[in-house]
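Colleague: The file below is target.cif, mmCIF, C-alpha atoms:
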```cif
data_structure
#
loop_
_atom_site.group_PDB
_atom_site.id
_atom_site.type_symbol
_atom_site.label_atom_id
_atom_site.label_comp_id
_atom_site.auth_asym_id
_atom_site.auth_seq_id
_atom_site.Cartn_x
_atom_site.Cartn_y
_atom_site.Cartn_z
ATOM 1 C CA MET O 529 0.000 0.000 0.000
ATOM 2 C CA THR O 530 1.409 3.394 -0.971
ATOM 3 C CA ASP O 531 1.759 6.022 1.739
ATOM 4 C CA THR O 532 -1.118 8.505 1.709
ATOM 5 C CA THR O 533 0.215 10.910 4.334
ATOM 6 C CA THR O 534 2.150 13.188 1.978
ATOM 7 C CA ASP O 535 0.715 16.688 2.021
ATOM 8 C CA PHE O 536 0.321 18.191 -1.446
ATOM 9 C CA ALA O 537 -1.394 21.366 -0.206
ATOM 10 C CA ALA O 538 1.429 23.480 -1.653
ATOM 11 C CA TRP O 539 0.170 22.598 -5.143
ATOM 12 C CA ILE O 540 -3.320 23.987 -4.515
ATOM 13 C CA GLY O 541 -3.514 27.326 -6.268
ATOM 14 C CA ARG O 542 -0.622 26.548 -8.610
ATOM 15 C CA ARG O 543 -1.180 28.119 -12.033
ATOM 16 C CA GLU O 544 -0.121 27.461 -15.607
ATOM 17 C CA SER O 545 -0.711 29.463 -18.805
ATOM 18 C CA THR O 546 -0.539 28.095 -22.355
ATOM 19 C CA ASP O 547 -0.909 30.092 -25.559
ATOM 20 C CA ASP O 548 -1.965 28.656 -28.916
ATOM 21 C CA ASP O 549 -2.589 30.210 -32.328
ATOM 22 C CA LEU O 550 -5.391 27.691 -33.046
ATOM 23 C CA GLY O 551 -4.112 26.710 -36.457
ATOM 24 C CA VAL O 552 -6.411 24.906 -38.874
ATOM 25 C CA VAL O 553 -4.325 21.712 -39.191
ATOM 26 C CA PRO O 554 -5.341 20.099 -35.847
ATOM 27 C CA ALA O 555 -9.009 20.717 -36.683
ATOM 28 C CA LEU O 556 -8.613 19.108 -40.114
ATOM 29 C CA ALA O 557 -6.823 16.137 -38.527
ATOM 30 C CA ALA O 558 -9.575 15.782 -35.918
ATOM 31 C CA ALA O 559 -12.243 15.889 -38.630
ATOM 32 C CA ALA O 560 -10.442 13.128 -40.540
ATOM 33 C CA THR O 561 -10.178 11.009 -37.381
ATOM 34 C CA LEU O 562 -13.906 11.405 -36.714
ATOM 35 C CA ASP O 563 -14.903 10.817 -40.356
ATOM 36 C CA ASP O 564 -16.349 14.325 -40.554
ATOM 37 C CA THR O 565 -16.219 15.032 -44.289
ATOM 38 C CA THR O 566 -18.845 17.783 -44.394
ATOM 39 C CA THR O 567 -17.830 20.453 -41.857
ATOM 40 C CA ARG O 568 -15.696 23.200 -43.387
ATOM 41 C CA PHE O 569 -12.753 24.465 -41.355
ATOM 42 C CA ASP O 570 -10.996 27.683 -42.341
ATOM 43 C CA LYS O 571 -9.504 30.659 -40.569
ATOM 44 C CA GLY O 572 -12.327 32.168 -38.517
ATOM 45 C CA SER O 573 -14.326 28.918 -38.295
ATOM 46 C CA ALA O 574 -15.689 28.001 -34.867
ATOM 47 C CA LEU O 575 -14.149 24.994 -33.128
ATOM 48 C CA PRO O 576 -16.797 22.376 -32.303
ATOM 49 C CA PRO O 577 -17.371 21.732 -28.591
ATOM 50 C CA LEU O 578 -14.546 19.710 -26.948
ATOM 51 C CA TRP O 579 -12.167 20.272 -29.840
ATOM 52 C CA HIS O 580 -10.166 22.669 -27.659
ATOM 53 C CA TRP O 581 -8.582 19.430 -26.340
ATOM 54 C CA PHE O 582 -6.621 19.254 -29.612
ATOM 55 C CA TYR O 583 -4.864 22.526 -28.753
ATOM 56 C CA PHE O 584 -2.929 23.968 -25.775
ATOM 57 C CA LEU O 585 -1.009 20.681 -25.594
ATOM 58 C CA ALA O 586 1.670 19.904 -23.018
ATOM 59 C CA ARG O 587 4.934 19.375 -24.910
ATOM 60 C CA ALA O 588 7.210 17.758 -22.368
ATOM 61 C CA PRO O 589 10.684 16.905 -23.712
ATOM 62 C CA GLN O 590 11.200 13.213 -24.428
ATOM 63 C CA ALA O 591 13.716 12.963 -21.580
ATOM 64 C CA GLN O 592 11.027 14.100 -19.127
ATOM 65 C CA LEU O 593 8.525 11.333 -19.915
ATOM 66 C CA ASP O 594 7.898 8.692 -17.277
ATOM 67 C CA VAL O 595 7.847 4.957 -17.956
ATOM 68 C CA ASP O 596 4.097 5.038 -18.702
ATOM 69 C CA GLY O 597 4.500 7.835 -21.254
ATOM 70 C CA HIS O 598 3.086 10.626 -19.097
ATOM 71 C CA PRO O 599 5.232 13.665 -18.284
ATOM 72 C CA GLN O 600 7.042 13.274 -14.984
ATOM 73 C CA ARG O 601 5.129 14.825 -12.100
ATOM 74 C CA GLY O 602 6.185 17.620 -9.822
ATOM 75 C CA GLY O 603 5.808 20.609 -12.140
ATOM 76 C CA PHE O 604 2.288 21.906 -12.527
ATOM 77 C CA MET O 605 0.700 18.631 -11.431
ATOM 78 C CA PRO O 606 1.635 17.389 -7.951
ATOM 79 C CA PRO O 607 4.091 14.461 -7.600
ATOM 80 C CA ILE O 608 1.433 11.978 -6.484
ATOM 81 C CA PRO O 609 3.133 8.560 -6.438
ATOM 82 C CA TYR O 610 0.228 6.374 -7.579
ATOM 83 C CA PRO O 611 1.016 5.057 -11.071
ATOM 84 C CA ARG O 612 -2.479 4.881 -12.637
ATOM 85 C CA ARG O 613 -3.669 8.236 -14.010
ATOM 86 C CA MET O 614 -7.148 8.875 -15.448
ATOM 87 C CA PHE O 615 -9.008 11.879 -16.840
ATOM 88 C CA ALA O 616 -12.130 10.790 -14.991
ATOM 89 C CA GLY O 617 -14.588 13.556 -15.824
ATOM 90 C CA ALA O 618 -15.220 17.238 -16.401
ATOM 91 C CA ARG O 619 -17.849 19.952 -16.275
ATOM 92 C CA MET O 620 -17.749 22.829 -18.721
ATOM 93 C CA ARG O 621 -19.639 25.840 -19.966
ATOM 94 C CA PHE O 622 -19.314 27.262 -23.481
ATOM 95 C CA HIS O 623 -19.789 31.025 -23.462
ATOM 96 C CA ARG O 624 -18.667 31.531 -27.044
ATOM 97 C CA PRO O 625 -16.770 29.373 -29.530
ATOM 98 C CA LEU O 626 -13.038 29.569 -30.006
ATOM 99 C CA LEU O 627 -12.196 30.651 -33.560
ATOM 100 C CA ILE O 628 -9.569 28.981 -35.724
ATOM 101 C CA GLY O 629 -6.608 31.138 -36.702
ATOM 102 C CA GLN O 630 -6.830 33.526 -33.763
ATOM 103 C CA SER O 631 -4.506 33.346 -30.777
ATOM 104 C CA ALA O 632 -5.991 32.114 -27.527
ATOM 105 C CA ARG O 633 -4.856 31.367 -23.986
ATOM 106 C CA ARG O 634 -5.566 28.581 -21.529
ATOM 107 C CA GLU O 635 -5.286 29.492 -17.845
ATOM 108 C CA ALA O 636 -5.203 26.481 -15.508
ATOM 109 C CA VAL O 637 -5.246 26.420 -11.717
ATOM 110 C CA ILE O 638 -5.251 23.489 -9.296
ATOM 111 C CA ARG O 639 -8.301 24.002 -7.108
ATOM 112 C CA ASP O 640 -8.226 20.977 -4.829
ATOM 113 C CA ILE O 641 -6.334 17.781 -4.012
ATOM 114 C CA ARG O 642 -7.957 15.020 -1.979
ATOM 115 C CA GLN O 643 -6.535 11.658 -0.933
ATOM 116 C CA LYS O 644 -8.392 8.658 0.388
ATOM 117 C CA SER O 645 -8.160 4.895 0.808
ATOM 118 C CA GLY O 646 -10.793 2.515 -0.465
ATOM 119 C CA ARG O 647 -11.311 -1.148 -1.173
ATOM 120 C CA SER O 648 -9.322 -0.834 -4.406
ATOM 121 C CA GLY O 649 -6.398 0.900 -2.666
ATOM 122 C CA SER O 650 -5.258 4.485 -2.287
ATOM 123 C CA LEU O 651 -6.494 7.233 -4.588
ATOM 124 C CA ALA O 652 -5.905 10.937 -5.099
ATOM 125 C CA PHE O 653 -8.318 13.350 -6.773
ATOM 126 C CA VAL O 654 -6.992 16.521 -8.376
ATOM 127 C CA SER O 655 -9.430 19.223 -9.488
ATOM 128 C CA VAL O 656 -8.115 21.547 -12.204
ATOM 129 C CA LEU O 657 -10.017 24.612 -13.420
ATOM 130 C CA CYS O 658 -9.187 25.561 -17.020
ATOM 131 C CA SER O 659 -10.338 28.868 -18.502
ATOM 132 C CA TYR O 660 -9.957 29.594 -22.209
ATOM 133 C CA TYR O 661 -9.731 33.162 -23.502
ATOM 134 C CA GLN O 662 -9.678 34.736 -26.942
ATOM 135 C CA ASP O 663 -9.354 38.502 -27.480
ATOM 136 C CA GLY O 664 -9.508 38.841 -23.705
ATOM 137 C CA VAL O 665 -12.984 37.272 -23.555
ATOM 138 C CA LEU O 666 -13.740 34.118 -21.569
ATOM 139 C CA CYS O 667 -14.905 31.462 -24.037
ATOM 140 C CA ILE O 668 -14.875 28.160 -22.118
ATOM 141 C CA GLU O 669 -14.770 27.221 -18.443
ATOM 142 C CA GLU O 670 -13.806 23.625 -17.696
ATOM 143 C CA GLU O 671 -13.270 21.874 -14.379
ATOM 144 C CA GLN O 672 -11.361 18.615 -14.858
ATOM 145 C CA ASP O 673 -11.254 15.640 -12.485
ATOM 146 C CA ILE O 674 -7.888 13.862 -12.620
ATOM 147 C CA VAL O 675 -7.635 10.656 -10.588
ATOM 148 C CA TYR O 676 -4.494 8.817 -9.522
ATOM 149 C CA ARG O 677 -4.727 5.339 -8.033
ATOM 150 C CA GLU O 678 -2.599 2.425 -6.938
ATOM 151 C CA PRO O 679 -2.253 -0.661 -9.121
ATOM 152 C CA GLY O 680 -5.136 -3.056 -8.679
ATOM 153 C CA ALA O 681 -6.156 -6.500 -9.782
ATOM 154 C CA ALA O 682 -6.076 -7.310 -13.482
ATOM 155 C CA VAL O 683 -9.176 -6.146 -15.359
ATOM 156 C CA ALA O 684 -11.221 -8.956 -16.880
ATOM 157 C CA CYS O 685 -12.136 -8.984 -20.536
ATOM 158 C CA PRO O 686 -15.782 -7.849 -20.781
ATOM 159 C CA ASP O 687 -18.409 -10.253 -22.033
ATOM 160 C CA VAL O 688 -20.159 -9.379 -25.284
ATOM 161 C CA ILE O 689 -23.941 -9.298 -25.074
ATOM 162 C CA GLY O 690 -26.783 -7.825 -27.072
ATOM 163 C CA TRP O 691 -27.667 -4.288 -26.037
ATOM 164 C CA PRO O 692 -31.280 -3.517 -25.125
ATOM 165 C CA ALA O 693 -33.284 -1.363 -27.516
ATOM 166 C CA VAL O 694 -32.830 2.400 -27.099
ATOM 167 C CA GLU O 695 -35.809 4.438 -25.968
ATOM 168 C CA GLU O 696 -38.098 6.020 -28.535
ATOM 169 C CA GLY O 697 -36.673 9.186 -30.046
ATOM 170 C CA ALA O 698 -33.090 8.479 -28.983
ATOM 171 C CA CYS O 699 -30.248 8.160 -31.469
ATOM 172 C CA ALA O 700 -27.438 5.648 -31.226
ATOM 173 C CA ARG O 701 -24.189 4.695 -32.899
ATOM 174 C CA ILE O 702 -22.023 1.600 -32.676
ATOM 175 C CA VAL O 703 -18.281 2.324 -32.524
ATOM 176 C CA THR O 704 -15.677 -0.319 -33.275
ATOM 177 C CA PRO O 705 -12.453 0.931 -31.685
ATOM 178 C CA ASP O 706 -9.210 -0.258 -33.197
ATOM 179 C CA PRO O 707 -5.508 0.578 -32.786
ATOM 180 C CA LYS O 708 -5.626 2.997 -35.722
ATOM 181 C CA LEU O 709 -8.315 5.136 -34.081
ATOM 182 C CA LEU O 710 -6.589 5.075 -30.692
ATOM 183 C CA PHE O 711 -3.215 5.934 -32.226
ATOM 184 C CA ARG O 712 -4.655 8.854 -34.173
ATOM 185 C CA PHE O 713 -6.387 10.259 -31.083
ATOM 186 C CA SER O 714 -3.156 9.923 -29.095
ATOM 187 C CA ALA O 715 -1.410 11.856 -31.863
ATOM 188 C CA LEU O 716 -4.100 14.548 -31.924
ATOM 189 C CA THR O 717 -3.688 15.134 -28.191
ATOM 190 C CA PHE O 718 0.098 14.521 -28.078
ATOM 191 C CA ASN O 719 -0.624 11.821 -25.513
ATOM 192 C CA ALA O 720 2.130 9.231 -25.075
ATOM 193 C CA HIS O 721 0.298 7.194 -22.397
ATOM 194 C CA ARG O 722 1.236 3.663 -23.425
ATOM 195 C CA ILE O 723 -2.056 2.001 -22.436
ATOM 196 C CA HIS O 724 -3.595 3.417 -25.630
ATOM 197 C CA TYR O 725 -1.124 2.022 -28.206
ATOM 198 C CA ASP O 726 1.360 -0.371 -26.547
ATOM 199 C CA ARG O 727 -0.525 -3.650 -26.082
ATOM 200 C CA PRO O 728 2.241 -5.554 -24.209
ATOM 201 C CA TYR O 729 2.578 -2.662 -21.746
ATOM 202 C CA ALA O 730 -1.189 -2.284 -21.304
ATOM 203 C CA THR O 731 -1.726 -5.993 -20.649
ATOM 204 C CA ARG O 732 1.432 -7.025 -18.794
ATOM 205 C CA GLU O 733 2.269 -3.888 -16.811
ATOM 206 C CA GLU O 734 -1.145 -2.335 -16.103
ATOM 207 C CA GLY O 735 -3.309 -5.456 -16.179
ATOM 208 C CA TYR O 736 -5.796 -4.458 -18.873
ATOM 209 C CA PRO O 737 -7.192 -7.047 -21.306
ATOM 210 C CA GLY O 738 -6.483 -4.847 -24.335
ATOM 211 C CA LEU O 739 -5.718 -1.307 -25.436
ATOM 212 C CA VAL O 740 -7.683 1.266 -23.455
ATOM 213 C CA VAL O 741 -9.993 3.709 -25.239
ATOM 214 C CA HIS O 742 -9.190 7.260 -24.117
ATOM 215 C CA GLY O 743 -11.866 8.753 -21.865
ATOM 216 C CA PRO O 744 -11.704 12.063 -23.791
ATOM 217 C CA LEU O 745 -12.135 10.138 -27.067
ATOM 218 C CA THR O 746 -15.360 8.608 -25.751
ATOM 219 C CA ALA O 747 -16.534 12.069 -24.666
ATOM 220 C CA VAL O 748 -15.674 13.540 -28.092
ATOM 221 C CA LEU O 749 -17.559 10.711 -29.810
ATOM 222 C CA LEU O 750 -20.619 11.377 -27.626
ATOM 223 C CA MET O 751 -20.457 15.061 -28.529
ATOM 224 C CA ASP O 752 -20.008 14.138 -32.203
ATOM 225 C CA LEU O 753 -23.183 12.023 -32.040
ATOM 226 C CA LEU O 754 -25.034 15.016 -30.592
ATOM 227 C CA ARG O 755 -23.629 17.391 -33.230
ATOM 228 C CA ARG O 756 -24.758 15.118 -36.064
ATOM 229 C CA HIS O 757 -28.369 15.045 -34.817
ATOM 230 C CA GLU O 758 -28.899 18.474 -33.222
ATOM 231 C CA PRO O 759 -28.126 21.860 -34.840
ATOM 232 C CA ARG O 760 -28.525 23.940 -31.666
ATOM 233 C CA ALA O 761 -25.405 25.203 -29.929
ATOM 234 C CA VAL O 762 -24.189 23.412 -26.809
ATOM 235 C CA ARG O 763 -24.064 25.677 -23.743
ATOM 236 C CA ALA O 764 -22.853 23.172 -21.146
ATOM 237 C CA PHE O 765 -21.466 19.661 -21.074
ATOM 238 C CA SER O 766 -20.342 17.260 -18.373
ATOM 239 C CA PHE O 767 -19.141 13.673 -18.388
ATOM 240 C CA LYS O 768 -18.041 11.021 -15.922
ATOM 241 C CA GLY O 769 -16.050 7.910 -16.703
ATOM 242 C CA LEU O 770 -17.469 4.866 -14.932
ATOM 243 C CA ALA O 771 -15.685 1.894 -16.488
ATOM 244 C CA PRO O 772 -12.923 1.416 -19.078
ATOM 245 C CA LEU O 773 -13.529 0.551 -22.711
ATOM 246 C CA PHE O 774 -11.113 -1.533 -24.780
ATOM 247 C CA ASP O 775 -10.326 -2.231 -28.421
ATOM 248 C CA LEU O 776 -11.638 -5.787 -28.037
ATOM 249 C CA ALA O 777 -15.271 -5.265 -29.080
ATOM 250 C CA PRO O 778 -17.666 -2.531 -30.254
ATOM 251 C CA PHE O 779 -19.350 -0.182 -27.809
ATOM 252 C CA ARG O 780 -22.557 1.809 -28.186
ATOM 253 C CA LEU O 781 -23.209 5.543 -27.906
ATOM 254 C CA VAL O 782 -26.730 6.752 -27.069
ATOM 255 C CA CYS O 783 -28.148 10.289 -27.099
ATOM 256 C CA SER O 784 -31.585 11.386 -25.886
ATOM 257 C CA ILE O 785 -32.879 14.983 -26.092
ATOM 258 C CA ARG O 786 -35.832 16.383 -24.156
ATOM 259 C CA ASP O 787 -36.714 20.054 -23.666
ATOM 260 C CA GLY O 788 -33.210 21.255 -24.438
ATOM 261 C CA GLN O 789 -31.603 18.808 -22.012
ATOM 262 C CA VAL O 790 -29.422 16.033 -23.407
ATOM 263 C CA SER O 791 -28.599 12.696 -21.807
ATOM 264 C CA LEU O 792 -25.745 10.678 -23.273
ATOM 265 C CA ALA O 793 -24.094 7.379 -22.442
ATOM 266 C CA ALA O 794 -21.465 4.992 -23.738
ATOM 267 C CA HIS O 795 -22.365 1.328 -23.193
ATOM 268 C CA ALA O 796 -19.642 -1.304 -22.924
ATOM 269 C CA PRO O 797 -20.029 -4.653 -24.741
ATOM 270 C CA ASP O 798 -21.376 -6.222 -21.527
ATOM 271 C CA GLY O 799 -24.089 -3.567 -21.214
ATOM 272 C CA VAL O 800 -22.375 -1.624 -18.417
ATOM 273 C CA THR O 801 -22.468 2.170 -18.718
ATOM 274 C CA ALA O 802 -18.829 3.082 -19.261
ATOM 275 C CA MET O 803 -19.458 6.845 -19.455
ATOM 276 C CA SER O 804 -22.429 9.019 -18.607
ATOM 277 C CA ALA O 805 -22.753 12.569 -19.874
ATOM 278 C CA SER O 806 -25.214 15.415 -20.136
ATOM 279 C CA ALA O 807 -25.472 18.597 -22.175
ATOM 280 C CA GLU O 808 -27.531 21.775 -22.213
ATOM 281 C CA LEU O 809 -28.599 23.242 -25.546
ATOM 282 C CA ALA O 810 -29.176 26.843 -26.484
ATOM 283 C CA PRO O 811 -32.816 27.859 -26.967
ATOM 284 C CA ASN O 812 -34.262 27.631 -30.469
#
```
In structure tokens, how does this file's structure come out?
Modeller:
Amino acid sequence: MTDTTTDFAAWIGRRESTDDDLGVVPALAAAATLDDTTTRFDKGSALPPLWHWFYFLARAPQAQLDVDGHPQRGGFMPPIPYPRRMFAGARMRFHRPLLIGQSARREAVIRDIRQKSGRSGSLAFVSVLCSYYQDGVLCIEEEQDIVYREPGAAVACPDVIGWPAVEEGACARIVTPDPKLLFRFSALTFNAHRIHYDRPYATREEGYPGLVVHGPLTAVLLMDLLRRHEPRAVRAFSFKGLAPLFDLAPFRLVCSIRDGQVSLAAHAPDGVTAMSASAELAPN
């Protein structure tokens, strides 16, 4: 059991600023990865919701990467010793879209760090508030939940079952994840975490049955499903990862819209909800 007595309070309030010119190339690469062949992206085009994740990227030197591919800790993020790191969820509000080809800034601050012990071992929860500005105007507010945990038991390969029918009026999509998709998303986000592309590492070192689907990729795919079926602008979005998805079998995305409120979910092959999400739409 890893020691949980270390006090990381000195990291609360720590800040980091990142500038980006929001070039068109990452947006075009994201569109290709998501098979979006109809949306036009030029200078001045609005970034779709969640696509800010393809910008403001951390560019740690190769020599500063840890064995798992993540940047070594102790800079902006606290040096929490637990080896498993997850982007477990986020809540965000979209005040106005970020525009391609115009410089923007991401201001991040660590708001809270909590440690606890549970049945699965020791965990630490880091809350990071990210604010995105363009022309001095706040465009997006995002509070991220980053979770660190101790190694646990090996994760079993999920059973494959038939999904129940979706409710009337809901839309759904079946996604078949494969190494090509996971590699491209890792490239889009400059994410070297080996669980997404290095199968021997993912299975032998971290105990997963296959390559792990990125949590942010699942969230982006849920938002993409919403975008393809609803023209209204998204004002707010939140998601929570509940169980991992792997490249071993298809998973299902479901979207239901009622009175401007959106419920979304990603269902694992065994029927378990792997991610739940919600969104708020602008009025007609």
Colleague: So, with all atoms listed in the file as the atoms that count, which of O:Pro744, O:Gly697, O:Gly680, O:Pro772 lies closest to Arg786 in chain O?
Modeller: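 Nearest to Arg786 in chain O: O:Gly697.
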Colleague: Would you translate the PyMOL selection byres ((chain O and resi 737) around 7) into the concrete set of residues it matches in this file, as number ranges by chain?
Modeller: O: 683-685, 731, 735-736, 738
Colleague: Which is closer to Met751 in chain O than all the others in O:Glu808, O:Asp594, O:Asp570, O:Asp535, using all atoms listed in the file?
Modeller: O:Glu808
Colleague: Can you work out which one of O:Ala810, O:Leu716, O:Ala794, O:Val694 has the shortest atom-to-atom distance to Leu562 in chain O, counting all atoms listed in the file?
Modeller: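 Among O:Ala810, O:Leu716, O:Ala794, O:Val694, it is O:Leu716 that comes nearest to Leu562 in chain O.
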Colleague: Using only C-alpha atoms, which of the listed residues (O:Leu754, O:Val665, O:Ala632, O:Ala616) sits closest to Ala802 in chain O?
Modeller: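 Ranking O:Leu754, O:Val665, O:Ala632, O:Ala616 by distance to Ala802 in chain O, first place goes to O:Ala616.
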Colleague: Show me a table, sorted first by chain and then by increasing residue number, of the residues of range 603-640 of chain O having an atom at most 9 Å from range 649-663 of chain O, each with its shortest atom pair and the distance in Å to one decimal, counting all atoms listed in the file and written as a tab-separated table.
Modeller:
```
residue	atom	partner	partner_atom	distance
O:Met605	CA	O:Val654	CA	8.5
O:Pro606	CA	O:Val654	CA	8.7
O:Ile608	CA	O:Ala652	CA	7.5
O:Tyr610	CA	O:Leu651	CA	7.4
O:Leu626	CA	O:Gln662	CA	6.9
O:Leu627	CA	O:Gln662	CA	8.2
O:Gln630	CA	O:Gln662	CA	7.5
O:Ser631	CA	O:Gln662	CA	6.6
O:Ala632	CA	O:Gln662	CA	4.6
O:Arg633	CA	O:Tyr661	CA	5.2
O:Arg634	CA	O:Tyr660	CA	4.6
O:Glu635	CA	O:Ser659	CA	5.1
O:Ala636	CA	O:Cys658	CA	4.4
O:Val637	CA	O:Leu657	CA	5.4
O:Ile638	CA	O:Val656	CA	4.5
O:Arg639	CA	O:Ser655	CA	5.5
O:Asp640	CA	O:Ser655	CA	5.1
```
Colleague: Go through O:Tyr729, O:Phe779, O:Phe615, O:Trp581 and flag the residue nearest Asp596 in chain O, using all atoms listed in the file for the distances.
Modeller: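 The shortest atom-to-atom distance to Asp596 in chain O comes from O:Tyr729.
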Colleague: Apply the PyMOL selection byres ((chain O and resi 712) around 12) to the file shown and report the selected residues as a ChimeraX atom specification.
Modeller: /O:554,557-562,582,705-711,713-720,724-725,741-742,745
Colleague: Export C-alpha atoms of the chosen residues as an mmCIF file, keeping the file's coordinate frame?
Modeller:
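Result file is part.cif:
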```cif
data_model
loop_
_atom_site.group_PDB
_atom_site.id
_atom_site.type_symbol
_atom_site.label_atom_id
_atom_site.label_comp_id
_atom_site.auth_asym_id
_atom_site.auth_seq_id
_atom_site.Cartn_x
_atom_site.Cartn_y
_atom_site.Cartn_z
ATOM 1 C CA PRO O 554 -5.341 20.099 -35.847
ATOM 2 C CA ALA O 557 -6.823 16.137 -38.527
ATOM 3 C CA ALA O 558 -9.575 15.782 -35.918
ATOM 4 C CA ALA O 559 -12.243 15.889 -38.630
ATOM 5 C CA ALA O 560 -10.442 13.128 -40.540
ATOM 6 C CA THR O 561 -10.178 11.009 -37.381
ATOM 7 C CA LEU O 562 -13.906 11.405 -36.714
ATOM 8 C CA PHE O 582 -6.621 19.254 -29.612
ATOM 9 C CA PRO O 705 -12.453 0.931 -31.685
ATOM 10 C CA ASP O 706 -9.210 -0.258 -33.197
ATOM 11 C CA PRO O 707 -5.508 0.578 -32.786
ATOM 12 C CA LYS O 708 -5.626 2.997 -35.722
ATOM 13 C CA LEU O 709 -8.315 5.136 -34.081
ATOM 14 C CA LEU O 710 -6.589 5.075 -30.692
ATOM 15 C CA PHE O 711 -3.215 5.934 -32.226
ATOM 16 C CA PHE O 713 -6.387 10.259 -31.083
ATOM 17 C CA SER O 714 -3.156 9.923 -29.095
ATOM 18 C CA ALA O 715 -1.410 11.856 -31.863
ATOM 19 C CA LEU O 716 -4.100 14.548 -31.924
ATOM 20 C CA THR O 717 -3.688 15.134 -28.191
ATOM 21 C CA PHE O 718 0.098 14.521 -28.078
ATOM 22 C CA ASN O 719 -0.624 11.821 -25.513
ATOM 23 C CA ALA O 720 2.130 9.231 -25.075
ATOM 24 C CA HIS O 724 -3.595 3.417 -25.630
ATOM 25 C CA TYR O 725 -1.124 2.022 -28.206
ATOM 26 C CA VAL O 741 -9.993 3.709 -25.239
ATOM 27 C CA HIS O 742 -9.190 7.260 -24.117
ATOM 28 C CA LEU O 745 -12.135 10.138 -27.067
#
```
Colleague: Can you tell me how far CA of Leu578 in chain O sits from CA of Phe765 in chain O, in Å to one decimal?
Modeller: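 A separation of 9.1 Å between them.
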